[in-house]
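K.L.:
Handing you this structure, nothing more for now.
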Amino acid sequence: MTMPNDDNMSASEIVVYIANLGRAARTAAIAVARATTATKNTALLEIANRIEAQREEILAANARDLAAANQLDDAMRDRLTLTPARIASMAQGVREIATLADPIGEITDLRARPSGIQVGRMRVPLGVVGIIYEARPNVTADAAALCLKAGNAVILRGGSEAIHSNQAIQACVTQGLEAAGLPPAAVQVVATTDRAAVGALLQNPAAVDVIVPRGGKGLIERVSREARMPVIKHLDGVCHVYIDHDADLAKAVPIAFNAKCQRYGTCNTMETLLLADSVAPRIMPELFAQYRAAGVELRGCAATRALDSKVTVATEEDWYAEYLAPILAIRIVPDLDSAIEHIRYYGSQHTDAIVTENFSRAMRFLREVDSSSVMINASTRFADGFEYGLGAEIGISTDKFHARGPIGLEGLTSQKWVVLGAGHVRE
């Protein structure tokens with residue numbers, strides 16, 4: 001179901017509109033859940049082809065959004081911007097999802113019971129997924145493809161700043177679904193930019209089985225507070241790299257630089273660098289020179305500033321900060337225990353890494369840092385669905401139930417118990 005972008009609807013009209021989207025999605029979800037893997041893959045390949053074929057239309061729509069986005073900060077504007085390379089990557093991401101194994105219908109842990117029955121679990125779709133997101137128009141394609149492959153219908157509510165981009169991408173998705181014989185209502189983009197639509201969606205569990213918010217802290221807090229259905233989320237991305245006493249500096253410098261500078265506006269970007277006190281004097285000259293050449297503002301503790309007076313003072317708020325910008329907090333610590341304690345106190349349980357050649361410390365870091373992704377000798381920027389082999393991701397969860405870390409196909413499914421018998425009755 002589609003409608004014109006009309007922000008003059010009354011609150012009651014928006015509620016009715018969202019309810020209609022939900023009913024259409026429920027019906028479509030039945031068709032998608034029973035679709036064969038071949039049918040779903042056909043739809044995905046058709047979507048990818050149309051994204052590429054309609055690149056100029058998507059770029060023109062994105063240009064309209066960017067022209068109206070003067071109020072956005074640099075990080076948000078970067079997330080909003082589409083380029084020919086990003087559109088090509090978007091299409092490739094959809095194709096990669098088509099190559100992934102279809103989880104739906106998979107039966108695992110099948111075992112015989114003394115009664116003679118066999119008991120196992122079957123992977124099944126969640127049903128209708130609602131995704132509320134800001135700025136990133138690529139989410140429209142990623143979410144559509146992942147939800148489709150996992151047998152779900154999806155209602156997408158993108159930010160008002162990306163409305164034209166999202167609608168252009170949705171047109172490609174709709175054409176791909178129709179080409180494969182699947183209902184267009186399997187992927188619907190909320191057409192109104194009125195924020196009341198978010199509230200109507202969150203308050204309608206009949207329309208949506210699970211909500212995934214992707215955006216700033218304010219959005220995620222609102223969704224968590226108001227949703228009447230389960231929420232898959234992470235609140236902050238305060239990610240750390242700890243360079244240990246036994247780090248190989250030839251590895252540590254590029255890891256610490258990449259974790260901060262490869263891209264600033266992502267949730268898996270390092271925001272705090274922790275340095276073991278013995279390694280700090282040896283690594284700081286080269287690493288800090290690279291940061292400054294890249295335009296990164298450095299804020300450090302007293303020990304850091306004692307070694308480099310050009311570093312500005314880090315406040316208590318800096319240790320909690322998710323900058324999403326070329327700003328880095330630096331703290332020198334005496335040992336692994338202090339690094340873990342800092343991460344435990346200030347971190348957001350998103351992604352944290354250690355650089356070390358000491359196996360015992362590396363294993364302690366893996367066991368004791370309670371984050372959704374924990375890494376040894378690798379950049380935090382790898383905490384991503386593509387890099388984990390999941391295809392595009394629907395988001396990252398720092399919760400501890402159902403799904404944790406990057407959410408790919410499996411995170412968009414559930415399991416039900418299945419029992420196989422041959423006329424068995426209970427004695």
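For the structure tokens, the naming scheme is as follows: chains receive sequential letters (A, B, ...) according to their order of presentation, residues are indexed from 1 within each chain, and ligands are indexed from 1 in presentation order.
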What's the 12 Å shell around Met229 of chain A, counting only C-alpha atoms, without same-chain residues fewer than 6 positions away, as a list in words?
P.N.:
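Using only C-alpha atoms, the neighbours found are Val128, Val129, Gly130, Leu201, Leu202, Gln203, Asn204, Pro205, Ala206, Ala207, Val208, Asp209, Val210, Ile211, Val212 and Val223 of chain A.
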K.L.:
Output all heavy atoms for every residue in that selection, as a CSV table (one decimal), in the first residue's frame.
P.N.:
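Now in out32.csv:
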chain,number,residue,atom,x,y,z
A,128,VAL,N,6.1,-9.8,10.8
A,128,VAL,CA,6.2,-8.5,10.3
A,128,VAL,C,7.3,-7.7,11.1
A,128,VAL,O,7.1,-7.6,12.3
A,128,VAL,CB,4.9,-7.7,10.3
A,128,VAL,CG1,5.1,-6.3,9.7
A,128,VAL,CG2,3.9,-8.5,9.4
A,129,VAL,N,8.3,-7.2,10.5
A,129,VAL,CA,9.3,-6.4,11.1
A,129,VAL,C,9.1,-4.9,10.8
A,129,VAL,O,8.9,-4.6,9.7
A,129,VAL,CB,10.7,-6.9,10.7
A,129,VAL,CG1,11.8,-6.1,11.3
A,129,VAL,CG2,10.9,-8.4,10.9
A,130,GLY,N,9.2,-4.1,11.9
A,130,GLY,CA,9.2,-2.7,11.7
A,130,GLY,C,10.5,-2.1,11.9
A,130,GLY,O,11.2,-2.4,12.9
A,201,LEU,N,3.0,3.5,14.8
A,201,LEU,CA,3.6,2.2,14.6
A,201,LEU,C,4.0,1.5,15.9
A,201,LEU,O,3.8,0.3,16.1
A,201,LEU,CB,4.8,2.4,13.7
A,201,LEU,CG,5.4,1.1,13.0
A,201,LEU,CD1,4.5,0.5,12.1
A,201,LEU,CD2,6.7,1.5,12.3
A,202,LEU,N,4.6,2.3,16.8
A,202,LEU,CA,5.1,1.7,18.0
A,202,LEU,C,3.9,1.2,18.9
A,202,LEU,O,4.1,0.3,19.7
A,202,LEU,CB,5.9,2.7,18.8
A,202,LEU,CG,7.2,3.2,18.2
A,202,LEU,CD1,7.9,4.3,19.0
A,202,LEU,CD2,8.2,2.0,18.0
A,203,GLN,N,2.8,1.8,18.8
A,203,GLN,CA,1.6,1.5,19.6
A,203,GLN,C,0.7,0.5,19.0
A,203,GLN,O,-0.4,0.2,19.5
A,203,GLN,CB,0.8,2.8,19.9
A,203,GLN,CG,1.6,3.8,20.8
A,203,GLN,CD,1.8,3.2,22.2
A,203,GLN,OE1,0.9,2.8,22.9
A,203,GLN,NE2,3.1,3.3,22.6
A,204,ASN,N,1.1,-0.2,17.9
A,204,ASN,CA,0.3,-1.1,17.2
A,204,ASN,C,0.9,-2.5,17.1
A,204,ASN,O,1.4,-2.9,16.0
A,204,ASN,CB,-0.1,-0.6,15.8
A,204,ASN,CG,-1.2,-1.3,15.1
A,204,ASN,OD1,-1.5,-2.4,15.5
A,204,ASN,ND2,-1.8,-0.7,14.1
A,205,PRO,N,0.9,-3.3,18.1
A,205,PRO,CA,1.4,-4.6,18.0
A,205,PRO,C,0.7,-5.6,17.1
A,205,PRO,O,1.2,-6.6,16.7
A,205,PRO,CB,1.4,-5.2,19.5
A,205,PRO,CG,0.2,-4.4,20.1
A,205,PRO,CD,0.3,-3.0,19.5
A,206,ALA,N,-0.5,-5.2,16.7
A,206,ALA,CA,-1.2,-6.0,15.7
A,206,ALA,C,-0.6,-5.8,14.3
A,206,ALA,O,-0.7,-6.7,13.5
A,206,ALA,CB,-2.7,-5.6,15.6
A,207,ALA,N,0.1,-4.7,14.1
A,207,ALA,CA,0.7,-4.5,12.8
A,207,ALA,C,2.1,-5.0,12.7
A,207,ALA,O,2.6,-5.4,11.6
A,207,ALA,CB,0.8,-3.0,12.5
A,208,VAL,N,2.9,-5.1,13.8
A,208,VAL,CA,4.3,-5.4,13.8
A,208,VAL,C,4.7,-6.3,14.9
A,208,VAL,O,4.2,-6.2,16.1
A,208,VAL,CB,5.1,-4.1,14.0
A,208,VAL,CG1,6.6,-4.4,14.0
A,208,VAL,CG2,4.9,-3.1,12.8
A,209,ASP,N,5.5,-7.3,14.6
A,209,ASP,CA,5.9,-8.3,15.6
A,209,ASP,C,7.2,-7.9,16.4
A,209,ASP,O,7.3,-8.2,17.6
A,209,ASP,CB,6.2,-9.6,15.0
A,209,ASP,CG,4.9,-10.3,14.4
A,209,ASP,OD1,4.1,-10.6,15.2
A,209,ASP,OD2,4.8,-10.4,13.2
A,210,VAL,N,8.1,-7.1,15.7
A,210,VAL,CA,9.3,-6.7,16.4
A,210,VAL,C,9.7,-5.4,15.7
A,210,VAL,O,9.5,-5.2,14.5
A,210,VAL,CB,10.4,-7.8,16.3
A,210,VAL,CG1,10.8,-8.0,14.8
A,210,VAL,CG2,11.6,-7.4,17.1
A,211,ILE,N,10.3,-4.5,16.5
A,211,ILE,CA,10.8,-3.2,16.0
A,211,ILE,C,12.3,-3.1,16.1
A,211,ILE,O,12.9,-3.5,17.1
A,211,ILE,CB,10.2,-2.0,16.9
A,211,ILE,CG1,8.7,-1.8,16.5
A,211,ILE,CG2,11.0,-0.7,16.6
A,211,ILE,CD1,8.5,-1.0,15.2
A,212,VAL,N,12.9,-2.6,15.1
A,212,VAL,CA,14.4,-2.4,15.0
A,212,VAL,C,14.6,-0.9,14.8
A,212,VAL,O,14.4,-0.4,13.7
A,212,VAL,CB,15.1,-3.2,13.9
A,212,VAL,CG1,16.6,-3.0,14.0
A,212,VAL,CG2,14.7,-4.7,14.1
A,223,VAL,N,11.9,4.8,21.1
A,223,VAL,CA,11.4,3.5,20.6
A,223,VAL,C,11.3,2.5,21.8
A,223,VAL,O,10.3,1.8,22.0
A,223,VAL,CB,12.2,2.9,19.5
A,223,VAL,CG1,11.8,1.5,19.2
A,223,VAL,CG2,12.0,3.8,18.2
K.L.:
Enumerate, in order of chain and increasing residue number, the residues of segment 136-254 of chain A with an atom no farther than 8 Å from segment 302-326 of chain A, each with its shortest atom pair and distance in Å to one decimal, counting only C-alpha atoms, as a tab-separated table.
P.N.:
residue	atom	partner	partner_atom	distance
A:Asp236	CA	A:Glu322	CA	6.8
A:Gly237	CA	A:Glu322	CA	6.1
A:Val238	CA	A:Glu322	CA	5.2
K.L.:
I'd like the neighbourhood of Glu271 of chain A as a ChimeraX atom specification, where a residue qualifies if any of its atoms comes within 12 Å (using only C-alpha atoms), though same-chain residues fewer than 5 positions away should be ignored.
P.N.:
/A:236-242,256-261,263-266,296-300,318-331,343,346-348,350-353,380-381
K.L.:
Please list as a ChimeraX atom specification every residue within 10 Å of Ala145 of chain A, counting only C-alpha atoms and excluding residues in the same chain fewer than 4 positions away.
P.N.:
/A:40-41,43-45,47-48,93-98,139-141,149-152,154,173,187,391-394,409
K.L.:
For Ile87 of chain A, which residue among A:Asp244, A:Glu46, A:Glu286, A:Glu52 is the nearest when counting only C-alpha atoms?
P.N.:
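Among A:Asp244, A:Glu46, A:Glu286, A:Glu52, it is A:Glu52 that comes nearest to Ile87 of chain A.
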K.L.:
Write out as a compact mmCIF listing (two decimals) with N, CA, C and O atoms, in the first residue's frame the set of residues from segment 11-230 of chain A that DSSP, computed on the backbone, places in strand (DSSP E).
P.N.:
# COMPACT_ATOMS: atom_id res chain seq x y z
N ILE A 107 15.73 -27.56 10.22
CA ILE A 107 15.46 -28.29 11.46
C ILE A 107 16.81 -28.69 12.08
O ILE A 107 17.65 -29.29 11.42
N THR A 108 16.99 -28.32 13.34
CA THR A 108 18.24 -28.60 14.03
C THR A 108 17.98 -29.32 15.34
O THR A 108 16.84 -29.33 15.84
N ASP A 109 19.03 -29.90 15.89
CA ASP A 109 18.99 -30.56 17.22
C ASP A 109 17.94 -31.66 17.29
O ASP A 109 17.36 -31.92 18.36
N LEU A 110 17.69 -32.32 16.18
CA LEU A 110 16.69 -33.39 16.18
C LEU A 110 17.25 -34.59 16.94
O LEU A 110 18.34 -35.08 16.64
N ARG A 111 16.50 -35.05 17.91
CA ARG A 111 16.97 -36.19 18.72
C ARG A 111 15.79 -37.05 19.15
O ARG A 111 14.67 -36.57 19.32
N ALA A 112 16.09 -38.33 19.29
CA ALA A 112 15.06 -39.30 19.69
C ALA A 112 14.88 -39.28 21.20
O ALA A 112 15.85 -39.17 21.95
N GLN A 118 10.67 -37.97 17.92
CA GLN A 118 11.86 -37.17 17.67
C GLN A 118 11.50 -35.70 17.88
O GLN A 118 10.47 -35.23 17.40
N VAL A 119 12.37 -35.00 18.60
CA VAL A 119 12.11 -33.60 18.96
C VAL A 119 13.25 -32.73 18.42
O VAL A 119 14.43 -33.07 18.57
N GLY A 120 12.88 -31.65 17.77
CA GLY A 120 13.89 -30.72 17.25
C GLY A 120 13.34 -29.31 17.17
O GLY A 120 12.26 -29.02 17.69
N ARG A 121 14.08 -28.44 16.52
CA ARG A 121 13.65 -27.06 16.36
C ARG A 121 13.71 -26.67 14.88
O ARG A 121 14.66 -27.02 14.18
N MET A 122 12.70 -25.93 14.46
CA MET A 122 12.64 -25.42 13.08
C MET A 122 12.76 -23.91 13.09
O MET A 122 12.12 -23.23 13.90
N ARG A 123 13.57 -23.38 12.18
CA ARG A 123 13.73 -21.92 12.08
C ARG A 123 12.60 -21.34 11.23
O ARG A 123 12.32 -21.83 10.13
N VAL A 124 11.97 -20.30 11.76
CA VAL A 124 10.77 -19.72 11.13
C VAL A 124 10.90 -18.20 11.11
O VAL A 124 11.65 -17.60 11.89
N PRO A 125 10.15 -17.52 10.23
CA PRO A 125 10.19 -16.05 10.20
C PRO A 125 9.61 -15.44 11.47
O PRO A 125 8.81 -16.08 12.18
N VAL A 128 6.14 -9.82 10.79
CA VAL A 128 6.25 -8.46 10.26
C VAL A 128 7.26 -7.70 11.11
O VAL A 128 7.10 -7.59 12.32
N VAL A 129 8.29 -7.20 10.46
CA VAL A 129 9.33 -6.43 11.14
C VAL A 129 9.12 -4.95 10.84
O VAL A 129 8.86 -4.57 9.69
N GLY A 130 9.20 -4.12 11.87
CA GLY A 130 9.16 -2.68 11.68
C GLY A 130 10.55 -2.10 11.90
O GLY A 130 11.20 -2.45 12.89
N ILE A 131 11.01 -1.27 11.00
CA ILE A 131 12.34 -0.68 11.13
C ILE A 131 12.20 0.84 11.04
O ILE A 131 11.64 1.37 10.08
N ILE A 132 12.70 1.52 12.08
CA ILE A 132 12.65 2.98 12.14
C ILE A 132 14.09 3.46 12.10
O ILE A 132 14.91 3.09 12.95
N TYR A 133 14.42 4.29 11.13
CA TYR A 133 15.82 4.64 10.93
C TYR A 133 15.95 6.08 10.46
O TYR A 133 14.99 6.69 9.99
N ALA A 153 7.73 -9.97 6.15
CA ALA A 153 7.35 -8.69 5.57
C ALA A 153 7.95 -7.58 6.44
O ALA A 153 8.29 -7.81 7.61
N VAL A 154 8.07 -6.37 5.88
CA VAL A 154 8.71 -5.30 6.64
C VAL A 154 8.02 -3.97 6.34
O VAL A 154 7.62 -3.70 5.21
N ILE A 155 7.86 -3.17 7.40
CA ILE A 155 7.40 -1.79 7.28
C ILE A 155 8.57 -0.90 7.64
O ILE A 155 9.11 -0.99 8.75
N LEU A 156 8.96 -0.02 6.73
CA LEU A 156 10.13 0.82 6.89
C LEU A 156 9.69 2.27 7.11
O LEU A 156 8.93 2.82 6.31
N ARG A 157 10.18 2.85 8.19
CA ARG A 157 9.91 4.27 8.43
C ARG A 157 11.25 4.99 8.48
O ARG A 157 11.92 5.04 9.51
N VAL A 187 7.21 -5.26 1.33
CA VAL A 187 8.11 -4.19 1.72
C VAL A 187 7.39 -2.87 1.51
O VAL A 187 7.10 -2.49 0.38
N GLN A 188 7.08 -2.18 2.61
CA GLN A 188 6.37 -0.92 2.52
C GLN A 188 7.17 0.17 3.23
O GLN A 188 7.67 -0.05 4.33
N VAL A 189 7.28 1.32 2.59
CA VAL A 189 7.91 2.49 3.18
C VAL A 189 6.82 3.46 3.61
O VAL A 189 5.96 3.83 2.80
N VAL A 210 8.06 -7.13 15.74
CA VAL A 210 9.29 -6.68 16.38
C VAL A 210 9.72 -5.38 15.73
O VAL A 210 9.51 -5.17 14.53
N ILE A 211 10.31 -4.48 16.51
CA ILE A 211 10.77 -3.18 16.02
C ILE A 211 12.30 -3.12 16.10
O ILE A 211 12.89 -3.55 17.10
N VAL A 212 12.92 -2.58 15.06
CA VAL A 212 14.36 -2.36 15.05
C VAL A 212 14.61 -0.88 14.81
O VAL A 212 14.36 -0.38 13.70
N PRO A 213 15.08 -0.13 15.81
CA PRO A 213 15.43 1.27 15.58
C PRO A 213 16.89 1.40 15.16
O PRO A 213 17.77 0.75 15.72
N ARG A 214 17.15 2.24 14.16
CA ARG A 214 18.51 2.52 13.73
C ARG A 214 18.66 4.03 13.62
O ARG A 214 18.03 4.65 12.76
K.L.:
Near segment 58-66 of chain A, counting only C-alpha atoms, which residues have an atom at most 7 Å away, once you skip same-chain residues fewer than 4 positions from it, shown as an NGL selection string?
P.N.:
:A and (54 or 81-82 or 161-162 or 164-165 or 168-169)
K.L.:
So how many Å separate atom CA of Ala38 of chain A and atom CA of Thr413 of chain A, to one decimal?
P.N.:
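Value for the atom CA of Ala38 of chain A-atom CA of Thr413 of chain A distance: 18.6 Å.
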K.L.:
Would you mind reading off the distance between atom CA of Ala143 of chain A and atom CA of Ile407 of chain A, one decimal, in Å?
P.N.:
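Atom CA of Ala143 of chain A sits 10.5 Å away from atom CA of Ile407 of chain A.
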K.L.:
For Ile104 of chain A, which of A:Arg26, A:His342, A:Lys416, A:Lys400 is the closest residue, counting only C-alpha atoms?
P.N.:
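Among A:Arg26, A:His342, A:Lys416, A:Lys400, it is A:Lys416 that comes nearest to Ile104 of chain A.
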